[in-house]
>>> print(open('model.tsv').read())   # TSV, C-alpha atoms and all ligand atoms
chain	number	residue	atom	x	y	z
T	244	MET	CA	-79.51	-4.73	93.28
T	245	ASN	CA	-81.96	-2.00	94.42
T	246	LYS	CA	-85.03	-3.18	96.27
T	247	LYS	CA	-88.19	-2.88	94.15
T	248	VAL	CA	-90.36	-0.13	95.66
T	249	LEU	CA	-93.87	0.20	94.24
T	250	ILE	CA	-95.83	3.27	95.32
T	251	LEU	CA	-99.52	3.79	94.68
T	252	GLY	CA	-100.28	7.53	94.45
T	253	ILE	CA	-103.82	8.88	94.94
T	254	GLU	CA	-104.83	12.45	94.06
T	255	SER	CA	-108.30	13.90	94.78
T	256	SER	CA	-107.73	17.52	95.82
T	257	CYS	CA	-109.94	19.20	93.24
T	258	ASP	CA	-111.82	17.87	90.20
T	259	GLU	CA	-109.51	15.11	88.98
T	260	THR	CA	-109.59	11.64	90.50
T	261	ALA	CA	-106.17	10.20	89.76
T	262	ALA	CA	-104.12	7.13	90.60
T	263	ALA	CA	-100.61	6.14	89.55
T	264	ILE	CA	-98.08	3.41	90.22
T	265	LEU	CA	-94.38	4.24	90.33
T	266	GLU	CA	-91.62	1.65	90.55
T	267	ASN	CA	-88.48	3.14	92.06
T	268	GLY	CA	-89.53	6.58	90.79
T	269	LYS	CA	-90.47	5.39	87.29
T	270	ILE	CA	-94.05	5.52	86.06
T	271	LYS	CA	-95.76	2.21	85.46
T	272	SER	CA	-99.25	3.70	85.14
T	273	ASN	CA	-100.79	7.15	85.42
T	274	ILE	CA	-104.61	7.34	85.27
T	275	ILE	CA	-106.72	10.50	85.45
T	276	ALA	CA	-110.53	10.60	85.54
T	277	ASN	CA	-111.65	14.13	84.69
T	278	GLN	CA	-114.97	15.45	85.93
T	279	SER	CA	-116.72	17.11	82.99
T	280	ILE	CA	-119.81	17.74	85.13
T	281	HIS	CA	-118.35	21.11	86.27
T	282	GLU	CA	-118.25	22.50	82.72
T	283	LYS	CA	-121.91	23.44	82.72
T	284	TYR	CA	-121.54	25.31	86.03
T	285	GLY	CA	-118.53	27.32	84.82
T	286	GLY	CA	-116.34	26.18	87.72
T	287	VAL	CA	-115.79	23.38	90.20
T	288	VAL	CA	-118.83	22.69	92.44
T	289	PRO	CA	-117.27	21.17	95.62
T	290	GLU	CA	-120.25	18.97	96.54
T	291	LEU	CA	-120.43	17.48	93.02
T	292	ALA	CA	-116.64	16.99	92.98
T	293	SER	CA	-116.79	14.87	96.17
T	294	ARG	CA	-119.59	12.74	94.75
T	295	LYS	CA	-117.71	12.17	91.50
T	296	HIS	CA	-114.54	11.22	93.40
T	297	GLN	CA	-116.62	8.69	95.31
T	298	GLN	CA	-117.79	7.15	92.01
T	299	ASN	CA	-114.40	7.32	90.28
T	300	ILE	CA	-111.95	6.31	92.95
T	301	ILE	CA	-112.28	2.51	92.84
T	302	PRO	CA	-112.30	2.17	89.00
T	303	THR	CA	-109.38	4.63	88.72
T	304	ILE	CA	-107.24	2.73	91.25
T	305	HIS	CA	-108.15	-0.60	89.67
T	306	GLN	CA	-107.10	0.68	86.28
T	307	ALA	CA	-103.80	2.03	87.63
T	308	ILE	CA	-102.98	-1.36	89.19
T	309	ARG	CA	-104.08	-3.25	86.06
T	310	GLU	CA	-102.10	-1.06	83.65
T	311	ALA	CA	-99.01	-1.30	85.85
T	312	ASN	CA	-99.37	-5.06	85.50
T	313	ILE	CA	-98.83	-5.70	89.20
T	314	HIS	CA	-100.80	-7.36	91.99
T	315	LYS	CA	-102.06	-5.13	94.80
T	316	ASN	CA	-100.11	-7.20	97.32
T	317	GLU	CA	-96.86	-6.04	95.69
T	318	ILE	CA	-97.51	-2.35	96.56
T	319	SER	CA	-94.92	-1.09	99.09
T	320	ALA	CA	-96.78	2.04	100.31
T	321	ILE	CA	-99.71	4.33	99.53
T	322	ALA	CA	-99.15	8.06	99.03
T	323	TYR	CA	-102.19	10.36	99.03
T	324	THR	CA	-102.83	14.09	98.77
T	325	GLN	CA	-103.41	15.38	102.29
T	326	GLY	CA	-103.93	19.02	101.18
T	327	PRO	CA	-104.36	21.78	100.25
T	328	GLY	CA	-107.59	21.39	98.29
T	329	LEU	CA	-111.35	20.95	98.64
T	330	LEU	CA	-111.95	19.21	101.95
T	331	GLY	CA	-114.79	16.97	100.75
T	332	SER	CA	-112.69	15.84	97.78
T	333	LEU	CA	-109.59	15.25	99.92
T	334	LEU	CA	-111.63	13.17	102.37
T	335	VAL	CA	-112.56	10.69	99.61
T	336	GLY	CA	-108.90	10.08	98.60
T	337	SER	CA	-107.54	10.08	102.15
T	338	SER	CA	-110.22	7.74	103.54
T	339	PHE	CA	-109.66	5.32	100.69
T	340	ALA	CA	-105.87	5.47	101.12
T	341	LYS	CA	-106.18	4.83	104.86
T	342	SER	CA	-108.52	1.85	104.43
T	343	LEU	CA	-106.35	0.29	101.74
T	344	SER	CA	-103.17	0.76	103.78
T	345	LEU	CA	-104.85	-0.99	106.73
T	346	THR	CA	-106.16	-3.80	104.53
T	347	LEU	CA	-102.82	-4.40	102.83
T	348	ASP	CA	-100.88	-3.64	106.02
T	349	ILE	CA	-98.51	-1.25	104.25
T	350	PRO	CA	-97.34	2.27	105.16
T	351	LEU	CA	-99.36	5.38	104.44
T	352	ILE	CA	-97.61	8.56	103.27
T	353	ASP	CA	-99.26	11.96	103.21
T	354	VAL	CA	-98.27	14.38	100.47
T	355	ASN	CA	-98.58	18.13	100.11
T	356	HIS	CA	-100.10	18.87	96.70
T	357	ILE	CA	-97.96	22.00	96.12
T	358	HIS	CA	-94.72	20.13	96.90
T	359	ALA	CA	-95.83	17.48	94.41
T	360	HIS	CA	-96.26	20.02	91.57
T	361	ILE	CA	-92.58	20.89	92.08
T	362	LEU	CA	-91.14	17.45	92.82
T	363	VAL	CA	-92.81	15.99	89.70
T	364	HIS	CA	-89.58	17.08	87.98
T	365	PHE	CA	-87.78	14.22	89.74
T	366	ILE	CA	-89.80	11.42	88.09
T	367	GLU	CA	-87.28	9.06	86.57
T	368	ASN	CA	-89.03	8.64	83.18
T	369	ASN	CA	-88.36	12.26	82.27
T	370	GLN	CA	-85.56	12.46	79.80
T	371	LEU	CA	-85.14	16.04	80.98
T	372	SER	CA	-82.37	17.05	83.37
T	373	LYS	CA	-83.29	17.22	87.04
T	374	PRO	CA	-83.21	20.51	88.95
T	375	ILE	CA	-80.22	21.14	91.20
T	376	PHE	CA	-80.94	22.43	94.73
T	377	PRO	CA	-81.45	25.15	95.79
T	378	PHE	CA	-83.86	26.58	93.23
T	379	ILE	CA	-86.89	28.83	92.77
T	380	GLY	CA	-90.07	26.76	92.47
T	381	VAL	CA	-93.09	28.41	90.89
T	382	VAL	CA	-96.50	26.77	91.19
T	383	LEU	CA	-99.12	28.29	88.89
T	384	SER	CA	-102.44	26.49	88.92
T	385	GLY	CA	-106.19	26.81	89.24
T	386	GLY	CA	-106.06	26.85	93.02
T	387	HIS	CA	-102.56	28.07	93.83
T	388	THR	CA	-99.98	30.66	92.86
T	389	GLN	CA	-96.78	30.51	94.82
T	390	ILE	CA	-93.10	31.30	94.50
T	391	ILE	CA	-91.16	28.89	96.70
T	392	TRP	CA	-87.53	28.74	97.78
T	393	VAL	CA	-86.65	25.06	97.54
T	394	GLU	CA	-83.53	23.95	99.43
T	395	SER	CA	-84.09	20.20	99.31
T	396	TYR	CA	-86.86	17.68	98.69
T	397	PHE	CA	-88.41	18.49	102.04
T	398	GLU	CA	-87.24	22.02	102.83
T	399	MET	CA	-89.46	24.51	101.05
T	400	LYS	CA	-90.39	28.06	102.01
T	401	ILE	CA	-93.09	30.18	100.37
T	402	ILE	CA	-91.52	33.52	99.44
T	403	GLY	CA	-94.36	34.90	97.33
T	404	THR	CA	-98.03	34.22	96.92
T	405	THR	CA	-101.18	35.63	95.36
T	406	LEU	CA	-103.02	38.18	97.44
T	407	ASP	CA	-106.36	37.16	95.91
T	408	ASP	CA	-107.14	34.83	92.96
T	409	ALA	CA	-104.83	32.08	91.69
T	410	ILE	CA	-103.59	32.65	88.14
T	411	GLY	CA	-105.57	29.71	86.71
T	412	GLU	CA	-108.66	31.01	88.45
T	413	ALA	CA	-108.14	34.37	86.69
T	414	PHE	CA	-107.76	32.59	83.31
T	415	ASP	CA	-110.95	30.61	84.02
T	416	LYS	CA	-113.07	33.51	85.34
T	417	ILE	CA	-112.10	35.79	82.45
T	418	GLY	CA	-112.63	32.93	80.00
T	419	LYS	CA	-116.13	32.42	81.39
T	420	LYS	CA	-116.94	36.11	80.73
T	421	ILE	CA	-115.69	35.70	77.16
T	422	GLY	CA	-117.95	32.66	76.78
T	423	LEU	CA	-115.24	29.99	76.67
T	424	GLY	CA	-116.70	27.72	79.36
T	425	TYR	CA	-114.69	25.92	82.05
T	426	PRO	CA	-111.75	25.40	82.25
T	427	ALA	CA	-110.74	28.22	79.94
T	428	GLY	CA	-106.94	28.44	80.31
T	429	VAL	CA	-106.07	26.10	77.47
T	430	LYS	CA	-108.70	27.70	75.19
T	431	ILE	CA	-107.36	31.21	75.85
T	432	ASP	CA	-103.85	29.90	75.12
T	433	LYS	CA	-105.00	28.47	71.76
T	434	LEU	CA	-106.94	31.56	70.62
T	435	ALA	CA	-104.15	33.88	71.79
T	436	LYS	CA	-101.79	32.30	69.26
T	437	LYS	CA	-103.87	33.92	66.48
T	438	GLY	CA	-104.21	37.27	68.25
T	439	ASN	CA	-102.35	40.54	68.74
T	440	ALA	CA	-101.25	40.86	72.38
T	441	THR	CA	-100.62	44.61	72.12
T	442	ARG	CA	-104.11	45.43	70.85
T	443	PHE	CA	-105.69	45.96	74.29
T	444	SER	CA	-103.92	46.86	77.48
T	445	PHE	CA	-104.85	45.93	81.03
T	446	PRO	CA	-103.23	47.16	84.27
T	447	ILE	CA	-100.28	45.43	85.93
T	448	PRO	CA	-100.87	45.84	89.69
T	449	LYS	CA	-98.24	47.08	92.10
T	450	THR	CA	-97.94	44.46	94.84
T	451	PRO	CA	-95.41	44.27	97.68
T	452	ASP	CA	-92.41	41.95	97.74
T	453	LEU	CA	-92.79	38.75	95.70
T	454	ASN	CA	-96.57	38.71	95.97
T	455	VAL	CA	-98.90	38.92	92.99
T	456	SER	CA	-102.53	39.88	92.41
T	457	TYR	CA	-104.81	38.90	89.55
T	458	SER	CA	-108.21	40.16	90.69
T	459	GLY	CA	-107.59	43.69	89.34
T	460	ILE	CA	-107.13	42.46	85.77
T	461	LYS	CA	-110.24	40.31	86.13
T	462	THR	CA	-112.32	43.38	87.09
T	463	ALA	CA	-110.64	45.49	84.39
T	464	VAL	CA	-111.48	42.91	81.70
T	465	ILE	CA	-115.10	42.59	82.91
T	466	ASN	CA	-115.55	46.40	82.76
T	467	PHE	CA	-113.80	46.56	79.38
T	468	LEU	CA	-116.09	43.86	77.92
T	469	HIS	CA	-119.18	45.48	79.39
T	470	LYS	CA	-118.31	48.91	77.90
T	471	ASN	CA	-117.47	47.55	74.46
T	472	THR	CA	-120.39	45.14	74.13
T	473	GLN	CA	-122.76	48.02	74.92
T	474	GLN	CA	-121.46	49.77	71.82
T	475	ASN	CA	-121.18	46.64	69.68
T	476	SER	CA	-122.98	43.49	70.78
T	477	ASN	CA	-120.68	41.40	68.58
T	478	PHE	CA	-117.50	42.92	70.06
T	479	ILE	CA	-116.28	39.72	71.75
T	480	ASN	CA	-116.77	37.51	68.69
T	481	GLU	CA	-115.09	39.98	66.38
T	482	ASN	CA	-112.08	40.46	68.65
T	483	ILE	CA	-111.78	37.20	70.57
T	484	ASN	CA	-108.23	36.35	69.46
T	485	ASP	CA	-106.87	39.79	70.36
T	486	ILE	CA	-108.76	39.82	73.68
T	487	CYS	CA	-107.30	36.39	74.59
T	488	ALA	CA	-103.79	37.38	73.53
T	489	SER	CA	-103.91	40.65	75.49
T	490	VAL	CA	-105.36	39.02	78.63
T	491	GLN	CA	-102.84	36.16	78.52
T	492	ASP	CA	-99.97	38.57	77.95
T	493	THR	CA	-100.96	40.60	81.04
T	494	LEU	CA	-101.41	37.54	83.29
T	495	ILE	CA	-98.03	36.17	82.27
T	496	LYS	CA	-96.35	39.60	82.65
T	497	ILE	CA	-97.70	39.90	86.23
T	498	SER	CA	-96.18	36.49	87.05
T	499	MET	CA	-92.88	37.01	85.22
T	500	LYS	CA	-92.26	40.34	86.99
T	501	LYS	CA	-92.13	38.54	90.35
T	502	ILE	CA	-90.24	35.50	89.05
T	503	GLU	CA	-87.55	37.90	87.75
T	504	LYS	CA	-87.50	39.66	91.14
T	505	ALA	CA	-87.09	36.30	92.93
T	506	VAL	CA	-84.18	35.37	90.64
T	507	LEU	CA	-82.46	38.67	91.49
T	508	GLU	CA	-83.17	38.57	95.23
T	509	LYS	CA	-82.11	34.96	95.64
T	510	ASN	CA	-79.21	35.36	93.22
T	511	ASN	CA	-80.30	32.04	91.75
T	512	ASN	CA	-81.44	31.54	88.17
T	513	ARG	CA	-82.69	27.96	88.44
T	514	VAL	CA	-86.45	28.29	87.89
T	515	VAL	CA	-88.65	25.21	88.20
T	516	ILE	CA	-92.30	25.60	87.19
T	517	GLY	CA	-95.33	23.39	87.82
T	518	GLY	CA	-99.15	23.41	87.98
T	519	GLY	CA	-101.82	23.60	85.27
T	520	VAL	CA	-100.81	27.06	84.01
T	521	SER	CA	-97.23	25.87	83.47
T	522	ALA	CA	-98.70	24.28	80.30
T	523	ASN	CA	-99.21	27.79	78.90
T	524	SER	CA	-97.30	28.21	75.66
T	525	LYS	CA	-96.59	31.94	76.11
T	526	LEU	CA	-95.13	31.37	79.58
T	527	ARG	CA	-92.98	28.52	78.24
T	528	GLU	CA	-91.78	30.67	75.34
T	529	ILE	CA	-90.77	33.55	77.64
T	530	LEU	CA	-88.97	31.23	80.07
T	531	LEU	CA	-87.04	29.53	77.26
T	532	GLU	CA	-86.04	32.95	76.00
T	533	LYS	CA	-84.73	33.80	79.48
T	534	GLU	CA	-82.63	30.63	79.28
T	535	LYS	CA	-81.27	31.56	75.86
T	536	LYS	CA	-80.67	35.26	76.43
T	537	GLU	CA	-80.01	35.59	80.16
T	538	GLY	CA	-78.55	32.20	81.03
T	539	TRP	CA	-81.39	31.06	83.30
T	540	ASN	CA	-81.74	27.33	83.92
T	541	VAL	CA	-85.41	26.69	83.34
T	542	TYR	CA	-87.17	23.42	84.19
T	543	ILE	CA	-90.51	22.96	82.42
T	544	PRO	CA	-92.55	19.79	83.04
T	545	PRO	CA	-93.93	17.67	80.18
T	546	ILE	CA	-97.56	18.70	79.52
T	547	GLU	CA	-99.03	15.52	81.08
T	548	TYR	CA	-97.48	16.43	84.46
T	549	THR	CA	-98.67	20.05	84.53
T	550	THR	CA	-102.32	19.61	85.54
T	551	ASP	CA	-103.29	17.52	88.55
T	552	ASN	CA	-102.08	13.92	88.38
T	553	ALA	CA	-101.20	11.14	90.80
T	554	ALA	CA	-97.74	10.41	89.38
T	555	MET	CA	-96.50	13.54	91.16
T	556	ILE	CA	-98.10	12.34	94.43
T	557	ALA	CA	-96.51	8.89	94.06
T	558	MET	CA	-93.14	10.57	93.34
T	559	VAL	CA	-93.20	12.49	96.62
T	560	GLY	CA	-94.39	9.26	98.26
T	561	TYR	CA	-91.32	7.48	96.91
T	562	LEU	CA	-88.95	10.21	98.13
T	563	LYS	CA	-90.56	10.14	101.59
T	564	TYR	CA	-90.59	6.33	101.68
T	565	LYS	CA	-86.83	6.26	101.12
T	566	GLU	CA	-86.39	8.67	104.06
T	567	ASN	CA	-88.79	6.65	106.21
T	568	LYS	CA	-91.16	9.63	106.41
T	569	LYS	CA	-94.35	7.67	106.86
T	570	SER	CA	-97.53	9.09	108.32
T	571	SER	CA	-100.13	8.11	110.84
T	572	ILE	CA	-103.64	6.99	110.07
T	573	THR	CA	-104.83	9.76	112.42
T	574	HIS	CA	-103.58	12.57	110.12
T	575	SER	CA	-106.46	14.61	108.69
T	576	PRO	CA	-106.71	16.35	105.33
T	577	TYR	CA	-106.33	20.16	105.34
T	578	SER	CA	-107.87	22.61	102.89
T	579	ARG	CA	-105.30	25.40	103.23
T	580	MET	CA	-101.55	25.52	103.51
T	581	SER	CA	-100.24	26.59	106.94
H	601	LIG	O1	-102.85	22.21	88.50
H	601	LIG	P1	-104.27	22.20	88.06
H	601	LIG	O2	-104.77	21.00	87.31
H	601	LIG	O3	-105.25	22.34	89.28
H	601	LIG	C1	-104.96	22.92	90.51
H	601	LIG	O4	-104.14	22.38	91.30
H	601	LIG	O5	-105.56	24.00	90.74
H	601	LIG	O6	-104.53	23.53	87.21
H	601	LIG	C2	-105.70	23.77	86.49
H	601	LIG	C3	-105.63	25.19	85.92
H	601	LIG	C4	-106.98	25.67	85.33
H	601	LIG	O7	-107.25	26.95	85.86
H	601	LIG	C5	-106.71	25.74	83.83
H	601	LIG	O8	-107.47	26.73	83.17
H	601	LIG	C6	-105.22	26.06	83.79
H	601	LIG	O9	-104.68	25.25	84.83
H	601	LIG	N1	-104.57	25.72	82.51
H	601	LIG	C7	-104.00	26.65	81.70
H	601	LIG	C8	-103.50	25.95	80.56
H	601	LIG	N2	-103.76	24.62	80.74
H	601	LIG	C9	-104.42	24.50	81.94
H	601	LIG	N3	-103.88	27.98	81.82
H	601	LIG	C10	-103.26	28.64	80.83
H	601	LIG	N4	-102.76	28.05	79.72
H	601	LIG	C11	-102.85	26.71	79.55
H	601	LIG	N5	-102.35	26.13	78.46
H	602	ZN	ZN	-102.65	21.21	91.30
>>> encode(input="model.tsv", output="structure tokens")
Amino acid sequence: MNKKVLILGIESSCDETAAAILENGKIKSNIIANQSIHEKYGGVVPELASRKHQQNIIPTIHQAIREANIHKNEISAIAYTQGPGLLGSLLVGSSFAKSLSLTLDIPLIDVNHIHAHILVHFIENNQLSKPIFPFIGVVLSGGHTQIIWVESYFEMKIIGTTLDDAIGEAFDKIGKKIGLGYPAGVKIDKLAKKGNATRFSFPIPKTPDLNVSYSGIKTAVINFLHKNTQQNSNFINENINDICASVQDTLIKISMKKIEKAVLEKNNNRVVIGGGVSANSKLREILLEKEKKEGWNVYIPPIEYTTDNAAMIAMVGYLKYKENKKSSITHSPYSRMS
């Protein structure tokens, strides 16, 4: 019989404090404490995020252990997000993980947040089929936009990245200008369903290789809104669905153009997506169409694993634990990917 391996995952890279328990790769609990405080500022305020993590971390971990119906002494190892992310936020999760690993005298495992968005597909509870290596990983989130060549669990190479904003950041910044508050991605997605995506057109930038850029569309939309609201102060309200549909269509087109290029260049049509924006219904629809019409093998995570969560951190922790890839208490968090 397989040895029972219980991993506690801790995620605190941005504005979600999350903890999860996995038993041999299967979820036993998955708790997320969102920080609504950032809504009124229209974006994440790093200092406030760290303070909220500090308040949330103990109750969140307690709840994860309680819901998993285990005792803390049964935990085999602690996996935590080492980076990339907001340094103050990462410090809260990493310091807690280090102290708990010392107290319980169990191994500590550091996890790269981007890897976790991709490896979340290997969680055992998913009824979905698991990706076959090698494949093209695409992380689309509020803080990151990367196309990654994934050869194995631990061999990943970034082959494309954003030259400026992350795609989720573009959704959020444009949404703020439209008056949708923060975060705006899911609201744009919802309104876009009722809109006409061909009504307004915004530029698709020319960027080298597999890199993308979203700051041009952000500026174009701001200028477009400014011009039109000068002529009609009610322009946004009257056209909100069409504006959202057109903006979303452009952001997804920019991303799809490079995903298609990666598929051609790598001669590999296994596309594995992750990150908050992978919840977007238009993106999912287009990818499923690629599967149907062009034979791509598309791997789309269940909605609960798209935005930041600790189940994905615990999953990478489990994979590393099995390979004896433990880390030292002296490792420090990092804000950017090397
Ligand atoms: O992965 P995530 O939770 O955080 C980072 O690691 O950055 O992603 C959050 C981002 C936000 O920008 C949010 O607006 C976006 O994901 N998002 C969406 C949707 N749901 C969340 N963007 C577009 N469509 C959605 N349905
Ligand atoms: Zn993330």
>>> closest_residue(input="model.tsv", among="T:Gln389, T:Gln298, T:Ser319, T:Ser456", to="ligand LIG 601 (chain H)", atoms="only C-alpha atoms and all ligand atoms")
T:Gln389
>>> residues_around(input="model.tsv", residues="Phe376 of chain T", least_positions_apart="3", cutoff="9 Å", atoms="all atoms listed in the file", output="list in words")
Ile379, Val393, Glu394, Ser395, Tyr396 and Arg513 of chain T
>>> atom_distance(input="model.tsv", atom1="atom O9 of ligand LIG 601 (chain H)", atom2="atom CA of Ser384 of chain T")
4.8 Å
>>> residues_near_point(input="model.tsv", point="(-117.1, 27.2, 82.4)", cutoff="10 Å", atoms="only C-alpha atoms", output="list of chain:residue names")
T:His281, T:Glu282, T:Lys283, T:Tyr284, T:Gly285, T:Gly286, T:Val287, T:Asp415, T:Lys416, T:Ile417, T:Gly418, T:Lys419, T:Lys420, T:Gly422, T:Leu423, T:Gly424, T:Tyr425, T:Pro426, T:Ala427
>>> residues_near_ligand(input="model.tsv", ligand="ligand ZN 602 (chain H)", cutoff="7 Å", atoms="all atoms listed in the file", output="list in words")
His356, Ile357, His360, Ser384, Gly385, Gly386, Gly518, Gly519, Thr550 and Asp551 of chain T
>>> write_last_selection(input="model.tsv", atoms="C-alpha atoms", output="mmCIF file, keeping the file's coordinate frame")
data_model
loop_
_atom_site.group_PDB
_atom_site.id
_atom_site.type_symbol
_atom_site.label_atom_id
_atom_site.label_comp_id
_atom_site.auth_asym_id
_atom_site.auth_seq_id
_atom_site.Cartn_x
_atom_site.Cartn_y
_atom_site.Cartn_z
ATOM 1 C CA HIS T 356 -100.100 18.870 96.700
ATOM 2 C CA ILE T 357 -97.960 22.000 96.120
ATOM 3 C CA HIS T 360 -96.260 20.020 91.570
ATOM 4 C CA SER T 384 -102.440 26.490 88.920
ATOM 5 C CA GLY T 385 -106.190 26.810 89.240
ATOM 6 C CA GLY T 386 -106.060 26.850 93.020
ATOM 7 C CA GLY T 518 -99.150 23.410 87.980
ATOM 8 C CA GLY T 519 -101.820 23.600 85.270
ATOM 9 C CA THR T 550 -102.320 19.610 85.540
ATOM 10 C CA ASP T 551 -103.290 17.520 88.550
#
